[in-house]
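File shown: my_file.pdb. Contents: PDB, C-alpha atoms.
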```pdb
MODEL        1
ATOM      1  CA  MET A 717      -1.356 -19.582  11.235
ATOM      2  CA  LYS A 718       2.155 -20.901  10.636
ATOM      3  CA  SER A 719       4.936 -19.053  12.405
ATOM      4  CA  ASP A 720       7.388 -19.384   9.463
ATOM      5  CA  ASN A 721       5.204 -17.185   7.235
ATOM      6  CA  LEU A 722       4.745 -13.422   7.395
ATOM      7  CA  GLU A 723       1.766 -12.641   9.597
ATOM      8  CA  GLY A 724      -0.018  -9.560  10.810
ATOM      9  CA  GLY A 725      -3.318  -7.945  11.567
ATOM     10  CA  CYS A 726      -5.202  -4.891  12.653
ATOM     11  CA  LEU A 727      -4.862  -3.014  15.938
ATOM     12  CA  CYS A 728      -7.888  -4.621  17.619
ATOM     13  CA  GLY A 729      -7.100  -8.163  16.396
ATOM     14  CA  ASN A 730     -10.397  -8.605  14.558
ATOM     15  CA  ILE A 731      -8.557  -9.194  11.260
ATOM     16  CA  ARG A 732      -5.434 -11.320  10.798
ATOM     17  CA  PHE A 733      -3.538 -12.295   7.670
ATOM     18  CA  GLU A 734      -0.779 -14.648   6.612
ATOM     19  CA  CYS A 735       1.483 -14.393   3.550
ATOM     20  CA  THR A 736       2.928 -17.717   2.382
ATOM     21  CA  VAL A 737       5.588 -16.176   0.117
ATOM     22  CA  GLY A 738       7.868 -13.189   0.440
ATOM     23  CA  PRO A 739       6.932  -9.833  -1.074
ATOM     24  CA  SER A 740       7.733  -9.000  -4.689
ATOM     25  CA  LEU A 741       8.294  -5.353  -3.720
ATOM     26  CA  VAL A 742       8.386  -3.225  -0.569
ATOM     27  CA  SER A 743       8.095   0.493  -1.247
ATOM     28  CA  TYR A 744       7.546   3.862   0.331
ATOM     29  CA  CYS A 745       4.638   5.602  -1.375
ATOM     30  CA  HIS A 746       4.466   9.379  -1.157
ATOM     31  CA  CYS A 747       1.398   9.872  -3.345
ATOM     32  CA  ARG A 748      -1.304  12.095  -1.926
ATOM     33  CA  MET A 749      -3.852   9.260  -1.914
ATOM     34  CA  CYS A 750      -1.662   7.023   0.259
ATOM     35  CA  ARG A 751      -0.936   9.911   2.600
ATOM     36  CA  LYS A 752      -4.647  10.612   3.018
ATOM     37  CA  ALA A 753      -5.519   6.895   3.362
ATOM     38  CA  THR A 754      -2.952   6.280   6.109
ATOM     39  CA  GLY A 755      -2.909   9.676   7.809
ATOM     40  CA  GLY A 756       0.891   9.712   7.559
ATOM     41  CA  PRO A 757       3.470  11.603   5.483
ATOM     42  CA  PHE A 758       3.872   8.452   3.328
ATOM     43  CA  SER A 759       2.844   4.811   3.358
ATOM     44  CA  VAL A 760       5.033   1.719   3.292
ATOM     45  CA  MET A 761       3.489  -1.161   1.370
ATOM     46  CA  ALA A 762       4.581  -4.733   0.576
ATOM     47  CA  ASN A 763       3.251  -6.417  -2.574
ATOM     48  CA  PHE A 764       2.204 -10.078  -2.572
ATOM     49  CA  PRO A 765       0.406 -12.363  -5.020
ATOM     50  CA  ARG A 766      -3.282 -12.275  -3.984
ATOM     51  CA  ASP A 767      -3.455 -16.074  -3.787
ATOM     52  CA  SER A 768      -0.563 -16.160  -1.286
ATOM     53  CA  VAL A 769      -2.468 -14.113   1.322
ATOM     54  CA  THR A 770      -5.001 -15.726   3.651
ATOM     55  CA  TRP A 771      -7.287 -13.516   5.723
ATOM     56  CA  SER A 772      -8.966 -14.382   9.036
ATOM     57  CA  GLY A 773     -11.744 -11.838   9.112
ATOM     58  CA  GLU A 774     -12.432  -9.818   5.987
ATOM     59  CA  PRO A 775     -11.177  -6.270   5.603
ATOM     60  CA  ARG A 776     -13.918  -3.813   4.757
ATOM     61  CA  THR A 777     -13.147  -2.138   1.446
ATOM     62  CA  ARG A 778     -13.776   1.236  -0.085
ATOM     63  CA  ARG A 779     -13.201   2.358  -3.636
ATOM     64  CA  SER A 780     -10.334   4.876  -3.630
ATOM     65  CA  SER A 781     -10.257   5.366  -7.411
ATOM     66  CA  PRO A 782     -12.176   4.010 -10.409
ATOM     67  CA  PHE A 783      -9.746   1.067 -10.587
ATOM     68  CA  ALA A 784      -8.627   0.288  -7.015
ATOM     69  CA  THR A 785      -9.872  -0.408  -3.496
ATOM     70  CA  ARG A 786      -8.375  -0.054  -0.040
ATOM     71  CA  GLY A 787      -9.076  -2.468   2.791
ATOM     72  CA  PHE A 788      -9.325  -1.593   6.467
ATOM     73  CA  CYS A 789     -10.692  -2.942   9.748
ATOM     74  CA  GLU A 790     -14.202  -1.622  10.252
ATOM     75  CA  HIS A 791     -13.800  -1.921  14.042
ATOM     76  CA  CYS A 792     -10.503  -0.124  14.727
ATOM     77  CA  GLY A 793      -9.856   1.614  11.389
ATOM     78  CA  THR A 794      -6.419   0.101  10.705
ATOM     79  CA  PRO A 795      -5.511   0.582   7.014
ATOM     80  CA  LEU A 796      -4.588  -2.903   5.774
ATOM     81  CA  CYS A 797      -4.293  -3.145   2.008
ATOM     82  CA  PHE A 798      -4.536  -1.657  -1.458
ATOM     83  CA  GLN A 799      -5.618  -3.570  -4.585
ATOM     84  CA  TYR A 800      -5.904  -2.677  -8.253
ATOM     85  CA  ASP A 801      -9.051  -4.323  -9.645
ATOM     86  CA  ASP A 802      -7.271  -6.122 -12.481
ATOM     87  CA  SER A 803      -4.099  -7.127 -10.607
ATOM     88  CA  ASP A 804      -3.069 -10.510  -9.259
ATOM     89  CA  HIS A 805      -1.277  -8.706  -6.408
ATOM     90  CA  VAL A 806      -2.305  -7.018  -3.180
ATOM     91  CA  SER A 807      -0.254  -4.400  -1.338
ATOM     92  CA  ILE A 808      -0.328  -4.801   2.440
ATOM     93  CA  SER A 809       0.569  -2.041   4.917
ATOM     94  CA  VAL A 810       3.966  -2.903   6.373
ATOM     95  CA  GLY A 811       2.958  -1.455   9.748
ATOM     96  CA  ALA A 812       0.228  -4.107  10.040
ATOM     97  CA  PHE A 813       2.752  -6.978  10.098
ATOM     98  CA  ASP A 814       3.692  -8.525  13.427
ATOM     99  CA  GLU A 815       7.389  -8.164  12.533
ATOM    100  CA  PRO A 816       7.601  -5.275  10.056
ATOM    101  CA  GLY A 817      11.385  -4.995  10.441
ATOM    102  CA  HIS A 818      11.760  -7.886   7.982
ATOM    103  CA  LEU A 819      10.127  -5.821   5.217
ATOM    104  CA  ARG A 820      12.630  -3.137   4.212
ATOM    105  CA  PRO A 821      11.629  -0.761   1.377
ATOM    106  CA  ILE A 822      13.735  -0.846  -1.791
ATOM    107  CA  GLN A 823      12.271   2.199  -3.587
ATOM    108  CA  HIS A 824      10.252   5.396  -3.264
ATOM    109  CA  GLY A 825       7.065   5.699  -5.313
ATOM    110  CA  GLY A 826       4.806   8.678  -5.907
ATOM    111  CA  ILE A 827       7.694  11.110  -5.480
ATOM    112  CA  GLU A 828       5.832  13.845  -7.337
ATOM    113  CA  SER A 829       3.913  14.321  -4.075
ATOM    114  CA  LYS A 830       6.769  13.763  -1.603
ATOM    115  CA  LEU A 831       6.756  16.285   1.242
ATOM    116  CA  HIS A 832       9.896  18.442   1.165
ATOM    117  CA  TRP A 833      10.794  17.678   4.790
ATOM    118  CA  VAL A 834      10.738  13.880   4.417
ATOM    119  CA  SER A 835      14.303  12.591   4.406
ATOM    120  CA  ILE A 836      14.495   8.822   4.623
ATOM    121  CA  ASP A 837      16.467   6.268   2.589
ATOM    122  CA  SER A 838      17.351   8.960   0.046
ATOM    123  CA  GLU A 839      19.732   6.589  -1.759
ATOM    124  CA  LEU A 840      16.873   4.374  -2.933
ATOM    125  CA  PRO A 841      15.567   4.586  -6.518
ATOM    126  CA  THR A 842      12.492   6.732  -7.120
ATOM    127  CA  GLU A 843       9.445   6.499  -9.357
ATOM    128  CA  ARG A 844       6.637   8.875 -10.234
ATOM    129  CA  CYS A 845       3.099   7.481 -10.369
ATOM    130  CA  ASP A 846       2.753   8.667 -13.938
ATOM    131  CA  ASP A 847       5.954   6.793 -14.947
ATOM    132  CA  ASP A 848       4.097   3.488 -14.495
ATOM    133  CA  PRO A 849       2.566   2.556 -17.877
ATOM    134  CA  ASP A 850      -0.156   0.402 -16.281
ATOM    135  CA  TYR A 851      -1.173   3.250 -13.990
ATOM    136  CA  ARG A 852      -1.196   5.720 -16.904
ATOM    137  CA  ARG A 853      -3.375   3.308 -18.907
ATOM    138  CA  LEU A 854      -5.898   3.000 -16.063
ATOM    139  CA  VAL A 855      -6.060   6.770 -15.613
ATOM    140  CA  GLU A 856      -6.600   7.288 -19.350
ATOM    141  CA  GLU A 857      -9.240   4.522 -19.628
ATOM    142  CA  THR A 858     -11.298   5.906 -16.756
ATOM    143  CA  HIS A 859     -10.668   9.611 -17.463
ATOM    144  CA  TRP A 860      -9.806   9.944 -13.777
ATOM    145  CA  SER A 861      -8.014  13.020 -12.513
ATOM    146  CA  PRO A 862      -5.555  11.673  -9.930
ATOM    147  CA  PRO A 863      -4.432  13.845  -7.015
ATOM    148  CA  PHE A 864      -0.698  13.594  -7.858
ATOM    149  CA  ASP A 865       0.709  16.818  -6.528
ATOM    150  CA  SER A 866       0.625  17.775  -2.915
ATOM    151  CA  LYS A 867      -0.519  21.166  -1.793
ATOM    152  CA  PRO A 868       2.392  23.526  -1.028
ATOM    153  CA  SER A 869       4.007  22.532   2.234
TER     154      SER A 869
ENDMDL
END
```
Structure rendered as structure tokens:
Amino acid sequence: MKSDNLEGGCLCGNIRFECTVGPSLVSYCHCRMCRKATGGPFSVMANFPRDSVTWSGEPRTRRSSPFATRGFCEHCGTPLCFQYDDSDHVSISVGAFDEPGHLRPIQHGGIESKLHWVSIDSELPTERCDDDPDYRRLVEETHWSPPFDSKPS
């Protein structure tokens, strides 16, 4: 892999990736699904065009909703990516990059589920999951009941 591109991989090294362009968006996501998928109070994801990401080793995927999958390493469990089925983009976990410090978030997403004690980059713009018209359309088309709100914390 070229050293001038953004590179990363899983904890055990079984899966590596390279991104040949910069991200279109880097965002904190506070939605309950991302919290459960990462085991953290929020996730930090960077969005890239799918065709700009090359994988060495294939992430194992699981369906996390009727219209999206999440990729992970089947050997060490590292959460690696999130993909809407009909999107040309893939979101990659910022913590999986070799140099994640270059990928600074510019917004907070999924704030309807943000834990009350999380206080980080509070000056950044915010977005609710249900404010995204594409997301709303997918939820309506599939009649899916998303887990937006967190349990009282």
- Determine the residue set returned by the PyMOL selection byres ((chain A and resi 766-771) around 12) for the present structure, and present it as an NGL selection string. :A and (717-718 or 721-726 or 729-740 or 762-765 or 772-776 or 787 or 789 or 796-808)
- From atom CA of A:Ala812 to atom CA of A:Leu727 the spacing works out at 7.9 Å
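Taking atom CA of A:Tyr744 and atom CA of A:Val760 as the two end points, the separation is 4.4 Å.
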Written as an mmCIF file with C-alpha atoms, in the coordinates of the input, which residues does the PyMOL selection byres ((chain A and resi 822) around 12) give for the file shown?
```cif
data_model
loop_
_atom_site.group_PDB
_atom_site.id
_atom_site.type_symbol
_atom_site.label_atom_id
_atom_site.label_comp_id
_atom_site.auth_asym_id
_atom_site.auth_seq_id
_atom_site.Cartn_x
_atom_site.Cartn_y
_atom_site.Cartn_z
ATOM 1 C CA PRO A 739 6.932 -9.833 -1.074
ATOM 2 C CA SER A 740 7.733 -9.000 -4.689
ATOM 3 C CA LEU A 741 8.294 -5.353 -3.720
ATOM 4 C CA VAL A 742 8.386 -3.225 -0.569
ATOM 5 C CA SER A 743 8.095 0.493 -1.247
ATOM 6 C CA TYR A 744 7.546 3.862 0.331
ATOM 7 C CA CYS A 745 4.638 5.602 -1.375
ATOM 8 C CA VAL A 760 5.033 1.719 3.292
ATOM 9 C CA MET A 761 3.489 -1.161 1.370
ATOM 10 C CA ALA A 762 4.581 -4.733 0.576
ATOM 11 C CA ASN A 763 3.251 -6.417 -2.574
ATOM 12 C CA LEU A 819 10.127 -5.821 5.217
ATOM 13 C CA ARG A 820 12.630 -3.137 4.212
ATOM 14 C CA PRO A 821 11.629 -0.761 1.377
ATOM 15 C CA GLN A 823 12.271 2.199 -3.587
ATOM 16 C CA HIS A 824 10.252 5.396 -3.264
ATOM 17 C CA GLY A 825 7.065 5.699 -5.313
ATOM 18 C CA ILE A 836 14.495 8.822 4.623
ATOM 19 C CA ASP A 837 16.467 6.268 2.589
ATOM 20 C CA SER A 838 17.351 8.960 0.046
ATOM 21 C CA GLU A 839 19.732 6.589 -1.759
ATOM 22 C CA LEU A 840 16.873 4.374 -2.933
ATOM 23 C CA PRO A 841 15.567 4.586 -6.518
ATOM 24 C CA THR A 842 12.492 6.732 -7.120
ATOM 25 C CA GLU A 843 9.445 6.499 -9.357
#
```
- Task: Give me, please, the distance in Å between atom CA of A:Cys747 and atom CA of A:His791, quoted to one decimal.
- Result: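 Here the two named atoms are 25.9 Å from each other.
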- Item | Hits of the PyMOL selection byres ((chain A and resi 855) around 12) in this structure, as an NGL selection string | :A and (781-784 or 800 or 845-846 or 848-854 or 856-864)
- Message: Could you check the closest approach to A:Gly811 for each of A:Ser780, A:Arg786, A:Gly756, A:His746 and tell me which residue wins, using only C-alpha atoms?
- Response: A:Gly756
- Restricting the calculation to all atoms listed in the file, which member of A:Asp847, A:Val810, A:Ala753, A:Ser759 is positioned closest to A:Glu828?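 Using all atoms listed in the file, A:Glu828 sits closest to A:Asp847.
If you measure from each of A:Glu815, A:Cys728, A:Pro757, A:Val834 to A:Phe788 using only C-alpha atoms, the closest one turns out to be A:Cys728.
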- Task: Find the residue from A:Arg779, A:Phe813, A:Thr754, A:Leu831 that sits nearest to A:Gly793; use all atoms listed in the file when measuring.
- Result: A:Thr754
